[in-house]
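Chemist: Here you go, this is protein_30.txt (compact mmCIF, C-alpha atoms).
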```
# COMPACT_ATOMS: atom_id res chain seq x y z
CA MET Z 1 99.95 141.45 157.06
CA ASN Z 2 97.38 143.05 154.76
CA LYS Z 3 99.81 142.90 151.85
CA PHE Z 4 100.47 139.22 152.54
CA LEU Z 5 96.74 138.45 152.62
CA LEU Z 6 96.23 140.24 149.31
CA LEU Z 7 98.98 138.18 147.69
CA LEU Z 8 97.48 134.99 149.11
CA VAL Z 9 94.02 135.85 147.77
CA ALA Z 10 95.51 136.64 144.38
CA ALA Z 11 97.30 133.30 144.27
CA PHE Z 12 94.10 131.38 145.00
CA ALA Z 13 92.25 133.42 142.40
CA LEU Z 14 94.75 132.44 139.73
CA ALA Z 15 94.88 128.74 140.63
CA PRO Z 16 91.59 127.67 138.95
CA ASN Z 17 92.77 129.24 135.69
CA GLN Z 18 95.84 127.03 135.49
CA SER Z 19 95.73 124.42 132.76
CA LYS Z 20 95.57 120.73 133.63
CA ALA Z 21 99.15 120.41 132.39
CA GLN Z 22 100.41 123.15 134.71
CA GLN Z 23 98.77 121.49 137.70
CA GLU Z 24 100.27 118.06 137.07
CA ALA Z 25 103.82 116.72 137.36
CA SER Z 26 105.79 117.12 134.18
CA LEU Z 27 107.24 114.14 132.33
CA LYS Z 28 110.10 116.18 130.89
CA ASP Z 29 111.05 117.48 134.34
CA VAL Z 30 110.83 114.14 136.11
CA PHE Z 31 112.97 112.48 133.42
CA GLN Z 32 115.33 115.39 132.78
CA ASP Z 33 118.34 113.44 134.09
CA LYS Z 34 117.32 110.26 132.25
CA PHE Z 35 116.32 110.84 128.62
CA LEU Z 36 114.21 113.09 126.41
CA MET Z 37 110.44 112.65 126.60
CA GLY Z 38 108.85 113.17 123.20
CA VAL Z 39 105.48 113.18 121.49
CA ALA Z 40 104.33 112.85 117.89
CA ILE Z 41 101.96 115.65 116.92
CA ASN Z 42 99.41 115.96 114.12
CA ARG Z 43 98.73 118.79 111.69
CA SER Z 44 96.17 120.50 113.90
CA GLN Z 45 98.68 120.60 116.73
CA ILE Z 46 101.47 121.81 114.46
CA ASN Z 47 99.12 124.63 113.47
CA GLN Z 48 98.41 125.24 117.18
CA SER Z 49 94.66 125.02 116.64
CA ASN Z 50 93.88 123.93 120.21
CA GLN Z 51 95.63 125.88 122.96
CA GLU Z 52 94.88 123.25 125.62
CA GLU Z 53 96.68 120.64 123.52
CA ILE Z 54 99.63 122.98 122.99
CA ASP Z 55 99.83 123.67 126.72
CA LEU Z 56 99.89 119.94 127.41
CA ILE Z 57 102.53 119.29 124.73
CA THR Z 58 104.86 122.06 125.83
CA SER Z 59 104.50 121.44 129.56
CA GLN Z 60 105.00 117.67 129.39
CA PHE Z 61 107.45 117.01 126.55
CA ASN Z 62 110.83 118.23 125.32
CA ALA Z 63 111.04 116.44 121.96
CA LEU Z 64 108.75 116.68 118.92
CA THR Z 65 108.11 114.47 115.90
CA ALA Z 66 105.63 115.16 113.11
CA GLU Z 67 103.22 112.23 112.98
CA ASN Z 68 102.71 112.52 109.22
CA ASP Z 69 103.58 115.91 107.78
CA MET Z 70 107.23 115.21 106.99
CA LYS Z 71 106.59 111.95 105.18
CA TRP Z 72 107.41 111.94 101.47
CA MET Z 73 103.84 112.22 100.13
CA TYR Z 74 103.25 115.42 102.10
CA ILE Z 75 106.58 117.21 102.05
CA HIS Z 76 107.62 116.24 98.48
CA PRO Z 77 104.40 115.40 96.58
CA LYS Z 78 105.75 116.17 93.09
CA GLN Z 79 109.24 115.84 91.72
CA ASP Z 80 109.85 119.61 91.73
CA THR Z 81 107.48 120.54 94.57
CA TYR Z 82 108.34 120.72 98.25
CA ASN Z 83 105.85 121.68 100.96
CA PHE Z 84 107.77 123.07 103.91
CA GLU Z 85 104.94 125.01 105.56
CA GLN Z 86 104.01 122.40 108.17
CA ALA Z 87 107.58 121.41 108.95
CA ASP Z 88 108.45 125.09 109.36
CA LYS Z 89 105.67 125.45 111.92
CA LEU Z 90 106.86 122.34 113.76
CA VAL Z 91 110.37 123.76 113.99
CA GLU Z 92 109.01 127.12 115.13
CA LEU Z 93 106.98 125.50 117.91
CA ALA Z 94 110.03 123.54 119.01
CA GLU Z 95 112.33 126.55 118.96
CA GLU Z 96 109.90 128.62 121.03
CA ASN Z 97 109.84 125.92 123.69
CA ASP Z 98 113.44 124.65 123.55
CA MET Z 99 112.45 121.23 122.24
CA PHE Z 100 114.48 118.58 120.39
CA VAL Z 101 113.14 117.99 116.85
CA VAL Z 102 113.13 114.67 114.97
CA GLY Z 103 112.52 114.65 111.21
CA HIS Z 104 110.32 111.67 110.38
CA THR Z 105 110.99 110.14 107.89
CA LEU Z 106 113.21 110.52 104.81
CA VAL Z 107 113.11 107.11 103.09
CA TRP Z 108 110.14 104.80 103.66
CA HIS Z 109 108.25 102.52 101.32
CA SER Z 110 104.85 103.72 102.60
CA GLN Z 111 103.09 107.11 102.35
CA LEU Z 112 105.14 107.92 99.29
CA ALA Z 113 104.38 110.26 96.44
CA PRO Z 114 103.28 108.32 93.33
CA TRP Z 115 106.10 109.65 91.12
CA VAL Z 116 109.02 108.28 93.13
CA PHE Z 117 109.68 105.05 91.23
CA THR Z 118 108.24 105.97 87.83
CA SER Z 119 109.66 107.73 84.77
CA ASP Z 120 107.72 110.31 82.74
CA ASN Z 121 106.53 107.58 80.38
CA GLY Z 122 105.36 105.32 83.20
CA ASP Z 123 108.29 102.87 83.29
CA THR Z 124 110.04 101.83 86.49
CA ILE Z 125 113.23 103.84 86.94
CA ASP Z 126 116.69 102.26 87.25
CA ASN Z 127 119.09 102.36 90.18
CA ALA Z 128 120.99 105.42 88.96
CA GLU Z 129 117.79 107.45 88.68
CA LEU Z 130 116.51 106.23 92.05
CA THR Z 131 119.80 107.18 93.70
CA ASP Z 132 119.58 110.63 92.13
CA ARG Z 133 116.01 111.10 93.37
CA ILE Z 134 116.87 109.97 96.89
CA GLN Z 135 119.88 112.30 96.92
CA LYS Z 136 117.89 115.33 95.79
CA HIS Z 137 115.04 114.54 98.21
CA ILE Z 138 117.35 114.24 101.20
CA ALA Z 139 119.72 117.07 100.28
CA THR Z 140 116.83 119.48 99.77
CA ILE Z 141 114.90 118.60 102.93
CA VAL Z 142 117.77 118.05 105.34
CA GLY Z 143 119.65 120.98 103.86
CA ASN Z 144 116.63 123.23 104.33
CA TYR Z 145 116.56 122.41 108.05
CA LYS Z 146 120.31 122.27 108.65
CA GLY Z 147 120.93 123.34 112.23
CA LYS Z 148 117.19 123.44 112.98
CA ILE Z 149 116.18 119.79 113.02
CA ASP Z 150 118.30 117.85 115.49
CA ALA Z 151 117.88 114.30 114.20
CA TRP Z 152 116.41 112.29 111.32
CA ASP Z 153 114.74 108.92 110.97
CA VAL Z 154 116.65 108.47 107.73
CA VAL Z 155 115.46 104.98 106.78
CA ASN Z 156 112.24 103.52 108.12
CA GLU Z 157 111.06 99.90 108.15
CA ALA Z 158 113.51 98.34 105.72
CA LEU Z 159 113.32 94.86 107.28
CA GLU Z 160 110.98 91.88 107.03
CA GLU Z 161 109.94 90.02 110.18
CA ASP Z 162 112.64 87.39 109.63
CA GLY Z 163 115.34 90.06 109.58
CA SER Z 164 115.87 89.97 105.83
CA TYR Z 165 115.51 93.12 103.75
CA ARG Z 166 111.96 94.17 102.95
CA LYS Z 167 111.31 93.68 99.23
CA SER Z 168 110.19 97.26 98.75
CA PRO Z 169 110.77 99.12 95.47
CA PHE Z 170 113.71 100.84 97.16
CA PHE Z 171 115.34 97.44 97.70
CA LYS Z 172 114.23 95.90 94.39
CA ILE Z 173 115.71 98.78 92.43
CA GLY Z 174 118.60 99.86 94.63
CA GLY Z 175 119.53 96.78 96.64
CA GLU Z 176 120.65 97.05 100.25
CA ALA Z 177 122.96 99.93 99.30
CA PHE Z 178 119.98 102.33 99.28
CA ILE Z 179 120.25 102.40 103.09
CA GLU Z 180 123.92 103.33 103.02
CA LYS Z 181 123.39 106.00 100.37
CA ALA Z 182 120.43 107.57 102.18
CA ILE Z 183 122.42 107.95 105.38
CA GLN Z 184 125.46 109.30 103.54
CA PHE Z 185 123.28 111.87 101.75
CA ALA Z 186 121.74 112.96 105.06
CA ASN Z 187 125.15 113.26 106.70
CA ALA Z 188 126.43 115.37 103.79
CA ALA Z 189 123.41 117.68 104.02
CA ASP Z 190 123.81 118.27 107.78
CA PRO Z 191 126.92 116.75 109.38
CA GLU Z 192 125.76 117.78 112.87
CA ALA Z 193 122.35 116.08 112.78
CA GLU Z 194 121.88 112.68 114.42
CA LEU Z 195 120.91 109.91 112.00
CA TYR Z 196 118.77 106.90 112.88
CA TYR Z 197 117.42 103.64 111.54
CA ASN Z 198 113.80 103.20 112.70
CA ASP Z 199 111.57 100.10 112.61
CA TYR Z 200 108.86 98.14 114.43
CA ASN Z 201 109.13 94.73 116.12
CA LEU Z 202 112.83 95.35 116.77
CA ILE Z 203 112.53 93.45 120.05
CA THR Z 204 111.91 90.11 118.32
CA PRO Z 205 115.21 88.22 117.88
CA ALA Z 206 115.17 87.82 114.10
CA LYS Z 207 114.32 91.43 113.33
CA ARG Z 208 116.57 92.70 116.12
CA ASP Z 209 119.47 90.81 114.58
CA GLY Z 210 118.60 92.27 111.18
CA ALA Z 211 118.80 95.80 112.57
CA ILE Z 212 122.09 95.03 114.27
CA ARG Z 213 123.40 93.75 110.94
CA ILE Z 214 122.47 97.07 109.32
CA ILE Z 215 124.19 99.05 112.08
CA LYS Z 216 127.36 96.96 111.98
CA ASN Z 217 127.49 97.11 108.18
CA LEU Z 218 127.27 100.91 108.24
CA LYS Z 219 129.91 101.18 110.94
CA SER Z 220 132.26 98.81 109.14
CA LYS Z 221 132.16 101.15 106.14
CA GLY Z 222 132.70 104.26 108.21
CA ILE Z 223 129.17 105.51 107.58
CA LYS Z 224 127.67 107.62 110.35
CA ILE Z 225 124.81 106.01 112.28
CA ASP Z 226 123.89 107.52 115.64
CA GLY Z 227 120.93 105.53 116.85
CA VAL Z 228 118.30 102.88 116.42
CA GLY Z 229 114.66 103.80 116.82
CA VAL Z 230 112.58 100.99 118.31
CA GLN Z 231 108.92 101.59 117.48
CA ALA Z 232 107.27 100.51 120.69
CA HIS Z 233 103.76 99.65 119.49
CA TRP Z 234 103.22 97.13 122.26
CA SER Z 235 100.39 95.42 124.14
CA LEU Z 236 99.56 94.53 127.72
CA GLU Z 237 101.09 91.09 127.21
CA GLY Z 238 104.15 91.65 125.11
CA PRO Z 239 106.95 91.94 124.47
CA SER Z 240 108.23 90.81 127.83
CA ILE Z 241 110.43 93.01 129.99
CA GLU Z 242 113.20 90.44 129.60
CA GLU Z 243 112.99 90.60 125.80
CA ILE Z 244 113.06 94.41 125.82
CA GLU Z 245 116.07 94.43 128.14
CA THR Z 246 118.01 91.99 125.98
CA ALA Z 247 117.38 94.17 122.92
CA ILE Z 248 118.46 97.36 124.72
CA GLU Z 249 121.73 95.72 125.78
CA MET Z 250 122.43 94.26 122.34
CA TYR Z 251 121.78 97.52 120.49
CA ALA Z 252 123.88 99.47 122.98
CA GLU Z 253 126.77 97.07 122.43
CA THR Z 254 126.96 98.24 118.81
CA GLY Z 255 127.78 101.74 120.04
CA VAL Z 256 124.58 103.52 118.97
CA LYS Z 257 121.98 105.34 121.03
CA VAL Z 258 118.78 103.43 121.75
CA MET Z 259 115.45 105.22 121.58
CA PHE Z 260 111.83 104.12 121.80
CA THR Z 261 110.26 106.20 119.09
CA GLU Z 262 106.55 105.41 118.82
CA LEU Z 263 105.44 104.20 122.22
CA ASP Z 264 101.83 103.19 122.81
CA ILE Z 265 100.29 100.23 124.66
CA SER Z 266 97.12 98.71 123.19
CA VAL Z 267 94.62 97.23 125.63
CA LEU Z 268 92.55 95.61 122.87
CA PRO Z 269 92.69 92.02 121.59
CA SER Z 270 94.90 91.46 118.59
CA PRO Z 271 93.43 89.88 115.43
CA TRP Z 272 96.74 88.17 114.74
CA ASN Z 273 99.23 86.17 116.73
CA SER Z 274 102.10 88.63 116.50
CA PRO Z 275 102.08 92.45 116.63
CA THR Z 276 102.91 94.57 113.61
CA ALA Z 277 102.84 98.18 112.50
CA ASP Z 278 102.48 97.41 108.81
CA ILE Z 279 99.82 99.97 107.93
CA SER Z 280 98.66 97.95 104.92
CA ALA Z 281 97.18 95.27 107.21
CA ARG Z 282 93.45 95.56 107.98
CA PHE Z 283 90.78 93.44 109.66
CA GLU Z 284 87.02 93.67 110.19
CA ASN Z 285 85.57 95.20 113.35
CA ASN Z 286 83.25 93.27 115.69
CA PRO Z 287 82.24 93.48 119.39
CA THR Z 288 84.83 90.89 120.40
CA MET Z 289 87.58 93.02 118.92
CA ASN Z 290 86.19 96.24 120.47
CA PRO Z 291 85.32 95.33 124.07
CA TYR Z 292 85.51 98.84 125.65
CA PRO Z 293 83.60 101.25 123.39
CA ASN Z 294 82.17 103.24 126.32
CA GLY Z 295 85.14 103.42 128.64
CA LEU Z 296 87.96 101.36 130.09
CA PRO Z 297 87.16 99.31 133.22
CA ASP Z 298 89.17 100.33 136.26
CA SER Z 299 90.76 96.90 136.43
CA VAL Z 300 92.18 97.35 132.93
CA GLN Z 301 93.28 100.92 133.75
CA THR Z 302 95.26 99.40 136.60
CA GLN Z 303 96.70 96.73 134.34
CA LEU Z 304 97.78 99.36 131.81
CA ALA Z 305 99.37 101.45 134.55
CA LYS Z 306 101.31 98.45 135.84
CA ARG Z 307 102.54 97.67 132.34
CA TYR Z 308 103.76 101.23 131.80
CA GLU Z 309 105.41 101.24 135.23
CA GLU Z 310 107.34 98.04 134.51
CA ILE Z 311 108.47 99.39 131.14
CA PHE Z 312 109.67 102.69 132.57
CA LYS Z 313 111.43 101.02 135.48
CA LEU Z 314 113.41 99.15 132.82
CA PHE Z 315 114.03 102.35 130.85
CA ASN Z 316 115.26 104.05 134.03
CA LYS Z 317 117.59 101.14 134.72
CA HIS Z 318 119.14 101.59 131.27
CA SER Z 319 118.94 105.36 131.01
CA ASP Z 320 122.67 105.44 130.24
CA LYS Z 321 121.85 103.69 126.95
CA ILE Z 322 118.48 105.31 126.10
CA SER Z 323 118.42 108.85 124.69
CA ARG Z 324 114.70 109.39 124.03
CA VAL Z 325 111.22 107.95 124.56
CA THR Z 326 108.52 109.33 122.24
CA PHE Z 327 104.79 108.63 122.61
CA TRP Z 328 102.93 108.20 119.33
CA GLY Z 329 100.15 110.70 119.94
CA LEU Z 330 99.15 113.10 122.71
CA HIS Z 331 96.04 111.44 124.14
CA ASP Z 332 93.82 108.39 123.66
CA GLY Z 333 91.42 110.13 121.28
CA LEU Z 334 94.24 110.81 118.83
CA SER Z 335 95.91 107.40 118.94
CA TRP Z 336 96.26 105.75 115.53
CA LYS Z 337 95.48 102.45 117.28
CA ASN Z 338 91.79 103.40 117.35
CA ASN Z 339 91.82 102.58 113.63
CA PHE Z 340 94.66 100.07 113.28
CA PRO Z 341 94.56 97.24 112.47
CA ILE Z 342 90.77 97.47 112.75
CA ARG Z 343 88.93 100.69 111.98
CA GLY Z 344 86.47 102.20 114.43
CA ARG Z 345 87.71 100.67 117.66
CA THR Z 346 88.16 102.51 120.97
CA ASP Z 347 91.66 102.03 122.36
CA TYR Z 348 93.33 103.56 125.42
CA THR Z 349 97.01 103.45 124.55
CA LEU Z 350 98.52 106.64 126.00
CA LEU Z 351 99.08 108.47 129.29
CA PHE Z 352 96.31 111.05 128.82
CA ASP Z 353 92.62 110.26 128.28
CA ARG Z 354 90.30 111.75 125.67
CA GLU Z 355 89.73 114.79 127.88
CA MET Z 356 93.50 115.26 128.20
CA LYS Z 357 93.43 114.27 131.85
CA PRO Z 358 96.31 112.15 133.20
CA LYS Z 359 95.46 108.49 133.65
CA LYS Z 360 96.68 105.98 136.21
CA ALA Z 361 99.33 105.12 133.64
CA PHE Z 362 100.67 108.68 133.78
CA ASN Z 363 101.06 108.52 137.55
CA ALA Z 364 102.70 105.10 137.25
CA VAL Z 365 105.29 106.46 134.82
CA ILE Z 366 106.02 109.42 137.11
CA ASN Z 367 106.28 107.12 140.12
CA SER Z 368 108.71 104.81 138.28
CA VAL Z 369 111.28 107.57 138.83
CA LYS Z 370 110.08 108.96 142.17
CA ASN Z 371 110.08 105.51 143.74
```
Could you render the structure from this file as structure tokens?

Modeler:
Amino acid sequence: MNKFLLLLVAAFALAPNQSKAQQEASLKDVFQDKFLMGVAINRSQINQSNQEEIDLITSQFNALTAENDMKWMYIHPKQDTYNFEQADKLVELAEENDMFVVGHTLVWHSQLAPWVFTSDNGDTIDNAELTDRIQKHIATIVGNYKGKIDAWDVVNEALEEDGSYRKSPFFKIGGEAFIEKAIQFANAADPEAELYYNDYNLITPAKRDGAIRIIKNLKSKGIKIDGVGVQAHWSLEGPSIEEIETAIEMYAETGVKVMFTELDISVLPSPWNSPTADISARFENNPTMNPYPNGLPDSVQTQLAKRYEEIFKLFNKHSDKISRVTFWGLHDGLSWKNNFPIRGRTDYTLLFDREMKPKKAFNAVINSVKN
């Protein structure tokens, strides 16, 4: 009896020292039979600067994406210079905690290094030179992480809102074939890695159909394409559950995996009529556009929780088609939506608040499975 009492006292003594993450239900455990639960992490987190954040990341999630550090301007800033330090640390963190790693992103018109489209004398390069640069970029990066990074967002945001090809320099110089070539180069560099097309607003019919066209075109040519990444930068009002479900079913019919790659739900009013994730768009801040600077009213917390619950009930329903859901940021204080499309706002987009405590939305997501 004395030995039992000692063990009981010891257990209670240790309990207050447990992290918040250890005391709460775990997203990765609750969804282990459904799909991967991922999070995008920033440079500080990759460097493991805050142990509480690392504890939360590793206890709650089983997939990692670098929020910025693997984008072209950071990982390949000069033609003959590659910076692998941060990506190496990301892979190391993932390996230590048995996490799935997504390389984000290989070919994207934004956050590029300035040399990509320009010759030494300042002229715009031709298609042959662009193809060569894309090939070297992808072969070097994907090859460096062969067998270590599980999947790649190979091409990001190559579509306009009407489903036509975005008139980026990649398209203007290389035509639509730049997508095919990029994916072929990635497949050659690591045949075992999963390869994705990733974009925002892929729930809207026109853009959805554009993405399906890309997938079918690749498949018709025998080019490997494993999945479509639907950037889920959504709001309390839209897109509707019915629209999301239709998109899931239509993408799955093409034979690729469906994943929701950048999930966050804004509670703030939008300055435009339709959502976007085009980071070049900006608007002015004002009190009307920033209604909750000092905290989110409980009624809106409840509304956010209900929205997340409805979304995850749908994801659970189609878990045979969905392979991963990744949140774009760990907690509200780190959400990019605090500064997009209006700088200096206070948004509440994620499952954990600014103190890393689980919100009503977290419990709603957990309960979407338990119930």

Chemist: Residues at most 9 Å from segment 347-357 of chain Z, counting all atoms listed in the file, excluding those fewer than 3 positions away in the same chain, as a ChimeraX atom specification?

Modeler: /Z:20-21,52-53,56,235,263-268,290,292-293,295-296,301,304-305,308,327-335,337-339,360-363,365

Chemist: Hey, can you pull every residue with an atom no more than 12 Å from (90.7, 100.6, 112.9), using all atoms listed in the file, and send it as a ChimeraX atom specification?

Modeler: /Z:268,270-271,279-286,289-290,335-347

Chemist: Skip Met37 of chain Z itself and residues of its chain fewer than 6 positions away, then list as an MDAnalysis selection string all residues within 12 Å of it, counting all atoms listed in the file.

Modeler: chainID Z and resid 26:31 57:65 99:101 259:263 312 315 322:328 330 365:366

Chemist: Skipping near chain neighbours, those fewer than 2 positions away, what residues fall within 10 Å of Lys207 of chain Z using only C-alpha atoms, listed as a short mmCIF file (atom, residue, chain, number, x, y, z; two decimals) with C-alpha atoms, in the frame of the given file?

Modeler:
```
data_model
loop_
_atom_site.label_atom_id
_atom_site.label_comp_id
_atom_site.auth_asym_id
_atom_site.auth_seq_id
_atom_site.Cartn_x
_atom_site.Cartn_y
_atom_site.Cartn_z
CA LEU Z 159 113.32 94.86 107.28
CA GLU Z 160 110.98 91.88 107.03
CA GLU Z 161 109.94 90.02 110.18
CA ASP Z 162 112.64 87.39 109.63
CA GLY Z 163 115.34 90.06 109.58
CA SER Z 164 115.87 89.97 105.83
CA TYR Z 165 115.51 93.12 103.75
CA ASP Z 199 111.57 100.10 112.61
CA TYR Z 200 108.86 98.14 114.43
CA ASN Z 201 109.13 94.73 116.12
CA LEU Z 202 112.83 95.35 116.77
CA ILE Z 203 112.53 93.45 120.05
CA THR Z 204 111.91 90.11 118.32
CA PRO Z 205 115.21 88.22 117.88
CA ASP Z 209 119.47 90.81 114.58
CA GLY Z 210 118.60 92.27 111.18
CA ALA Z 211 118.80 95.80 112.57
CA ILE Z 212 122.09 95.03 114.27
CA ARG Z 213 123.40 93.75 110.94
#
```

Chemist: Can you list, as a short mmCIF file (atom, residue, chain, number, x, y, z; two decimals) with C-alpha atoms, keeping the file's coordinate frame, every protein, DNA or RNA residue that comes within 7 Å of segment 72-88 of chain Z when you count all atoms listed in the file, leaving out same-chain residues fewer than 6 positions away?

Modeler:
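Result went into selection-v5.cif, see below:
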```
data_model
loop_
_atom_site.label_atom_id
_atom_site.label_comp_id
_atom_site.auth_asym_id
_atom_site.auth_seq_id
_atom_site.Cartn_x
_atom_site.Cartn_y
_atom_site.Cartn_z
CA ILE Z 46 101.47 121.81 114.46
CA LEU Z 106 113.21 110.52 104.81
CA GLN Z 111 103.09 107.11 102.35
CA LEU Z 112 105.14 107.92 99.29
CA ALA Z 113 104.38 110.26 96.44
CA TRP Z 115 106.10 109.65 91.12
#
```
